[in-house]
$ cat data_39.cif   # mmCIF, C-alpha atoms
data_upload
loop_
_atom_site.label_atom_id
_atom_site.label_comp_id
_atom_site.auth_asym_id
_atom_site.auth_seq_id
_atom_site.Cartn_x
_atom_site.Cartn_y
_atom_site.Cartn_z
CA THR G 1 -88.07 -50.29 -28.25
CA GLU G 2 -90.79 -47.77 -27.55
CA LYS G 3 -90.43 -48.43 -23.84
CA LYS G 4 -86.66 -47.82 -23.95
CA LEU G 5 -87.11 -44.62 -25.93
CA TYR G 6 -89.74 -43.42 -23.50
CA GLU G 7 -87.53 -44.12 -20.47
CA LYS G 8 -84.60 -42.32 -22.12
CA PHE G 9 -86.78 -39.30 -22.89
CA MET G 10 -88.13 -39.15 -19.34
CA CYS G 11 -84.59 -39.37 -17.96
CA TYR G 12 -83.55 -36.43 -20.17
CA CYS G 13 -86.52 -34.39 -19.04
CA LYS G 14 -85.66 -34.93 -15.40
CA THR G 15 -81.87 -34.44 -15.62
CA GLY G 16 -82.05 -31.81 -18.36
CA ALA G 17 -84.31 -29.61 -16.36
CA SER G 18 -81.99 -29.92 -13.40
CA ASP G 19 -78.90 -29.16 -15.51
CA LEU G 20 -80.64 -26.21 -17.11
CA GLY G 21 -81.55 -24.80 -13.72
CA SER G 22 -77.97 -25.16 -12.53
CA SER G 23 -76.70 -23.47 -15.70
CA VAL G 24 -79.08 -20.54 -15.26
CA ALA G 25 -78.12 -20.14 -11.60
CA ALA G 26 -74.39 -20.27 -12.39
CA ALA G 27 -74.81 -17.76 -15.20
CA ALA G 28 -76.77 -15.41 -12.97
CA ASP G 29 -74.10 -15.61 -10.30
CA LYS G 30 -71.33 -14.88 -12.81
CA ILE G 31 -73.30 -11.98 -14.30
CA SER G 32 -73.59 -10.45 -10.84
CA THR G 33 -69.86 -10.80 -9.98
CA LEU G 34 -68.09 -10.17 -13.30
CA PRO G 35 -68.86 -6.42 -13.48
CA SER G 36 -67.17 -5.80 -10.11
CA GLU G 37 -64.16 -7.88 -11.21
CA ILE G 38 -63.92 -5.86 -14.41
CA ALA G 39 -64.23 -2.58 -12.52
CA ALA G 40 -61.51 -3.64 -10.06
CA ALA G 41 -59.22 -4.71 -12.91
CA GLU G 42 -59.78 -1.42 -14.76
CA GLU G 43 -59.08 0.57 -11.58
CA LYS G 44 -55.87 -1.39 -11.06
CA LEU G 45 -54.91 -0.76 -14.69
CA VAL G 46 -55.30 3.00 -14.23
CA GLN G 47 -53.17 2.88 -11.08
CA LEU G 48 -50.46 0.85 -12.82
CA LYS G 49 -50.30 3.36 -15.66
CA GLU G 50 -49.99 6.25 -13.19
CA ASP G 51 -47.26 4.41 -11.26
CA SER G 52 -45.39 3.68 -14.48
CA LYS G 53 -45.60 7.31 -15.55
CA LYS G 54 -44.31 8.44 -12.14
CA ALA G 55 -41.43 5.96 -12.25
CA GLN G 56 -40.45 7.17 -15.73
CA ALA G 57 -40.45 10.79 -14.50
CA GLU G 58 -38.28 9.82 -11.52
CA ARG G 59 -35.85 7.98 -13.81
CA THR G 60 -35.63 11.01 -16.10
CA ALA G 61 -34.91 13.23 -13.10
CA ALA G 62 -32.22 10.84 -11.85
CA LYS G 63 -30.51 10.78 -15.24
CA ALA G 64 -30.67 14.58 -15.42
CA ALA G 65 -29.06 14.79 -11.97
CA MET G 66 -26.29 12.46 -13.15
CA ALA G 67 -25.70 14.60 -16.25
CA ASP G 68 -25.59 17.79 -14.17
CA ALA G 69 -23.21 16.23 -11.66
CA THR G 70 -20.94 15.01 -14.46
CA ALA G 71 -20.84 18.43 -16.09
CA MET G 72 -20.03 20.05 -12.74
CA ARG G 73 -17.33 17.46 -12.00
CA GLU G 74 -15.70 18.05 -15.38
CA LYS G 75 -15.72 21.79 -14.75
CA GLU G 76 -14.22 21.33 -11.28
CA ALA G 77 -11.58 18.95 -12.63
CA THR G 78 -10.59 21.48 -15.30
CA MET G 79 -10.31 24.24 -12.70
CA PHE G 80 -8.30 21.97 -10.42
CA ALA G 81 -5.86 21.01 -13.16
CA LYS G 82 -5.35 24.66 -14.08
CA GLN G 83 -4.86 25.77 -10.46
CA LYS G 84 -2.55 22.83 -9.67
CA ALA G 85 -0.36 23.55 -12.70
CA GLU G 86 -0.09 27.19 -11.63
CA ASP G 87 0.65 26.29 -8.00
CA ASP G 88 3.22 23.67 -9.03
CA ALA G 89 5.00 26.21 -11.23
CA ASN G 90 5.00 28.85 -8.49
CA LEU G 91 6.29 26.39 -5.88
CA ALA G 92 8.98 25.13 -8.23
CA ALA G 93 10.09 28.70 -8.99
CA THR G 94 10.21 29.51 -5.26
CA LYS G 95 12.27 26.41 -4.47
CA LYS G 96 14.71 27.19 -7.28
CA ALA G 97 15.11 30.70 -5.93
CA ILE G 98 15.85 29.35 -2.46
CA ALA G 99 18.42 26.88 -3.81
CA ALA G 100 20.11 29.56 -5.91
CA LEU G 101 20.31 32.05 -3.05
CA GLU G 102 21.64 29.45 -0.63
CA LYS G 103 24.43 28.75 -3.14
CA GLY G 104 25.18 32.45 -3.42
CA VAL G 105 24.29 32.78 -7.11
CA SER G 106 21.41 35.20 -6.84
CA GLY G 107 22.63 37.30 -9.73
CA GLY G 108 22.62 34.33 -12.08
CA PHE G 109 19.23 33.28 -10.83
CA LEU G 110 17.72 36.67 -11.63
CA GLN G 111 18.24 35.94 -15.33
CA THR G 112 16.46 32.58 -15.27
CA ARG G 113 12.90 31.66 -16.31
CA ALA G 114 12.14 30.70 -12.70
CA ALA G 115 12.96 34.27 -11.62
CA LYS G 116 10.57 35.60 -14.23
CA SER G 117 7.85 33.33 -12.88
CA LEU G 118 8.60 34.52 -9.36
CA ARG G 119 8.40 38.16 -10.47
CA ARG G 120 5.01 37.50 -12.01
CA LEU G 121 3.85 35.81 -8.82
CA VAL G 122 5.00 38.73 -6.68
CA SER G 123 3.38 41.26 -8.99
CA ASN G 124 0.07 39.37 -8.96
CA GLY G 125 0.01 39.16 -5.19
CA ILE G 126 1.17 36.43 -2.81
CA PRO G 127 -1.31 35.01 -0.28
CA HIS G 128 -0.27 34.88 3.38
CA VAL G 129 2.70 37.22 2.80
CA THR G 130 2.89 40.68 4.38
CA GLU G 131 3.06 43.76 2.23
CA ASP G 132 6.53 44.56 3.56
CA ASP G 133 7.83 41.12 2.57
CA ARG G 134 6.22 41.42 -0.83
CA GLU G 135 7.93 44.78 -1.42
CA THR G 136 11.25 43.33 -0.27
CA LEU G 137 10.91 40.47 -2.75
CA ALA G 138 9.88 42.84 -5.51
CA SER G 139 12.93 45.01 -4.87
CA PHE G 140 15.22 41.98 -4.87
CA LEU G 141 13.78 40.56 -8.10
CA SER G 142 14.04 43.89 -9.88
CA SER G 143 17.76 44.25 -9.01
CA THR G 144 20.42 43.46 -11.59
CA GLN G 145 23.16 43.06 -8.98
CA GLU G 146 23.88 40.01 -6.84
CA THR G 147 22.38 40.29 -3.38
CA GLN G 148 24.27 38.60 -0.58
CA GLY G 149 24.73 38.84 3.20
CA VAL G 150 21.93 39.86 5.52
CA GLY G 151 19.66 40.89 2.69
CA THR G 152 19.98 37.48 1.07
CA ASP G 153 19.18 35.69 4.34
CA GLN G 154 16.05 37.80 4.68
CA ILE G 155 14.98 36.93 1.13
CA ILE G 156 15.62 33.23 1.74
CA GLY G 157 13.48 33.38 4.89
CA ILE G 158 10.62 35.01 3.04
CA LEU G 159 10.84 32.52 0.20
CA LYS G 160 10.87 29.53 2.55
CA GLN G 161 7.78 30.88 4.26
CA MET G 162 6.20 31.26 0.84
CA ALA G 163 7.18 27.71 -0.13
CA ASP G 164 5.68 26.27 3.06
CA THR G 165 2.45 28.18 2.49
CA MET G 166 2.28 27.13 -1.17
CA ALA G 167 2.90 23.48 -0.28
CA ALA G 168 0.14 23.60 2.34
CA ASP G 169 -2.27 25.27 -0.09
CA LEU G 170 -1.43 22.70 -2.76
CA ALA G 171 -2.02 19.83 -0.35
CA GLU G 172 -5.37 21.38 0.61
CA LEU G 173 -6.26 21.78 -3.06
CA LYS G 174 -5.48 18.12 -3.75
CA ALA G 175 -7.46 16.99 -0.71
CA ALA G 176 -10.46 19.01 -1.84
CA GLU G 177 -10.25 17.50 -5.33
CA GLU G 178 -10.03 13.97 -3.93
CA ALA G 179 -13.04 14.64 -1.69
CA ALA G 180 -14.99 16.03 -4.66
CA ILE G 181 -14.15 12.94 -6.73
CA LYS G 182 -15.27 10.65 -3.90
CA THR G 183 -18.54 12.55 -3.48
CA TYR G 184 -19.14 12.41 -7.23
CA ASP G 185 -18.43 8.67 -7.42
CA GLU G 186 -20.78 7.97 -4.51
CA LEU G 187 -23.51 10.09 -6.08
CA MET G 188 -23.14 8.38 -9.47
CA ALA G 189 -23.22 4.92 -7.86
CA ALA G 190 -26.39 5.80 -5.93
CA LYS G 191 -28.08 7.34 -8.98
CA LYS G 192 -27.13 4.36 -11.15
CA ALA G 193 -28.64 1.98 -8.62
CA GLU G 194 -31.75 4.19 -8.53
CA THR G 195 -32.11 4.29 -12.32
CA ASP G 196 -31.54 0.52 -12.60
CA ALA G 197 -34.24 -0.13 -10.00
CA LEU G 198 -36.63 2.27 -11.71
CA THR G 199 -35.97 0.70 -15.11
CA ALA G 200 -36.76 -2.76 -13.70
CA SER G 201 -39.90 -1.39 -12.03
CA ILE G 202 -41.05 0.30 -15.24
CA GLN G 203 -40.50 -2.88 -17.26
CA SER G 204 -42.45 -4.91 -14.70
CA LYS G 205 -45.33 -2.43 -14.73
CA ILE G 206 -45.46 -2.38 -18.53
CA GLU G 207 -45.72 -6.18 -18.59
CA ARG G 208 -48.42 -6.13 -15.92
CA ILE G 209 -50.32 -3.43 -17.82
CA GLY G 210 -50.27 -5.62 -20.93
CA ASP G 211 -51.40 -8.73 -19.04
CA LEU G 212 -54.11 -6.85 -17.19
CA GLY G 213 -55.39 -5.34 -20.45
CA VAL G 214 -55.77 -8.84 -21.90
CA THR G 215 -57.50 -10.02 -18.71
CA ILE G 216 -60.02 -7.17 -18.90
CA VAL G 217 -60.84 -8.00 -22.52
CA GLU G 218 -61.33 -11.66 -21.60
CA LEU G 219 -63.53 -10.76 -18.62
CA LYS G 220 -65.74 -8.55 -20.80
CA GLU G 221 -66.03 -11.29 -23.44
CA ASP G 222 -66.87 -13.79 -20.70
CA LEU G 223 -69.58 -11.46 -19.39
CA SER G 224 -71.03 -11.00 -22.87
CA ASP G 225 -71.02 -14.74 -23.59
CA THR G 226 -72.47 -15.57 -20.18
CA ASP G 227 -75.23 -13.01 -20.63
CA LYS G 228 -76.16 -14.50 -24.01
CA ALA G 229 -76.16 -18.05 -22.60
CA TYR G 230 -78.22 -16.93 -19.63
CA MET G 231 -80.86 -15.33 -21.85
CA ALA G 232 -80.96 -18.43 -24.07
CA ASP G 233 -81.38 -20.78 -21.09
CA ARG G 234 -84.07 -18.58 -19.60
CA SER G 235 -86.03 -18.68 -22.84
CA PHE G 236 -85.81 -22.50 -23.06
CA PRO G 237 -89.39 -23.92 -22.70
#
$ encode --input "data_39.cif" --output "structure tokens"
Amino acid sequence: TEKKLYEKFMCYCKTGASDLGSSVAAAADKISTLPSEIAAAEEKLVQLKEDSKKAQAERTAAKAAMADATAMREKEATMFAKQKAEDDANLAATKKAIAALEKGVSGGFLQTRAAKSLRRLVSNGIPHVTEDDRETLASFLSSTQETQGVGTDQIIGILKQMADTMAADLAELKAAEEAAIKTYDELMAAKKAETDALTASIQSKIERIGDLGVTIVELKEDLSDTDKAYMADRSFP
């Protein structure tokens, strides 16, 4: 029994010393490498936080641009609706005047609401119409007598020219509005894609920041535990 106990003790002394040496060496190696790993992780954490902050600022700017564009589009749409309603009314009044004059009922027309609208248009100024034509129209619209013959033909000619110009202006107005809507829709689609991508990036960075924070804590605890074990093994007789 004594012999067996002696052999077991001697085996422990030989293998234990070897294991202890390996443990000390491994601990020393870890103590030398862990600080650099911690420093690298902390540096990466700082960079992630900066990137996240930048992405949040970019997302805020994109949302602000969308809000500004929407406000501008609403303003433009309101102005378009107002201008279109006015142009439609003026064109309708002009066409009614032409139809009435071609039927030879100018006197009856002068008492209608359309004539009043046409008077207002003439008094406010008609684009693309000469001053002479404007004065001729004004004189015709202020008359209380039916105007026929050569004078009527001249008025009809002026009004048809006005109608063509108004129709062209209205078509141009509609085209501009459609182009503005298309530009707005494209901008909103691009900004939405940008904000969605930034939101996903921010979420990913936040998760990585959390994981990296835990990793740093674990690395520091590992360093502390390894340092304690190393000192204990070194002090073993």
$ residues_around --input "data_39.cif" --residues "region 61-72 of chain G" --least-positions-apart "5" --cutoff "7 Å" --atoms "all atoms listed in the file" --output "ChimeraX atom specification"
/G:188,191,195
$ write_last_selection --input "data_39.cif" --atoms "C-alpha atoms" --output "tab-separated table (two decimals), in the frame of the given file"
chain	number	residue	atom	x	y	z
G	188	MET	CA	-23.14	8.38	-9.47
G	191	LYS	CA	-28.08	7.34	-8.98
G	195	THR	CA	-32.11	4.29	-12.32
$ closest_residue --input "data_39.cif" --among "G:Ala190, G:Ala114, G:Leu91, G:Ala97" --to "Thr165 (chain G)" --atoms "all atoms listed in the file"
G:Leu91
$ closest_residue --input "data_39.cif" --among "G:Leu223, G:Val129, G:Ala200, G:Ala100" --to "Ala115 (chain G)" --atoms "all atoms listed in the file"
G:Ala100
$ resolve_selection --input "data_39.cif" --expression "the PyMOL selection byres ((chain G and resi 34) around 12)" --output "list of chain:residue names"
G:Ala26, G:Ala27, G:Ala28, G:Asp29, G:Lys30, G:Ile31, G:Ser32, G:Thr33, G:Pro35, G:Ser36, G:Glu37, G:Ile38, G:Ala39, G:Ala40, G:Ala41, G:Thr215, G:Ile216, G:Val217, G:Glu218, G:Leu219, G:Lys220, G:Glu221, G:Asp222, G:Leu223, G:Ser224, G:Asp225, G:Thr226, G:Asp227
$ residues_around --input "data_39.cif" --residues "region 111-113 of chain G" --least-positions-apart "6" --cutoff "10 Å" --atoms "only C-alpha atoms" --output "PyMOL selection string"
chain G and resi 93+96-97+119+141+144
$ atom_distance --input "data_39.cif" --atom1 "CA of Gln56 (chain G)" --atom2 "CA of Leu198 (chain G)"
7.4 Å
$ atom_distance --input "data_39.cif" --atom1 "CA of Met166 (chain G)" --atom2 "CA of Leu101 (chain G)"
18.8 Å
$ residues_around --input "data_39.cif" --residues "Gly157 (chain G)" --least-positions-apart "5" --cutoff "10 Å" --atoms "all atoms listed in the file" --output "number ranges by chain"
G: 98, 133, 151-152, 162-163
$ atom_distance --input "data_39.cif" --atom1 "CA of Ile209 (chain G)" --atom2 "CA of Leu48 (chain G)"
6.6 Å
$ residues_around --input "data_39.cif" --residues "Ala176 (chain G)" --least-positions-apart "4" --cutoff "12 Å" --atoms "only C-alpha atoms" --output "PyMOL selection string"
chain G and resi 76-77+80+84+169-172+180-183
$ closest_residue --input "data_39.cif" --among "G:Arg134, G:Lys116, G:Lys82, G:Lys103" --to "Leu159 (chain G)" --atoms "only C-alpha atoms"
G:Arg134
$ closest_residue --input "data_39.cif" --among "G:Gln47, G:Asn124, G:Ser201, G:Thr94" --to "Phe109 (chain G)" --atoms "only C-alpha atoms"
G:Thr94
$ closest_residue --input "data_39.cif" --among "G:Ala189, G:Lys95, G:Thr60, G:Ile158" --to "Glu131 (chain G)" --atoms "all atoms listed in the file"
G:Ile158
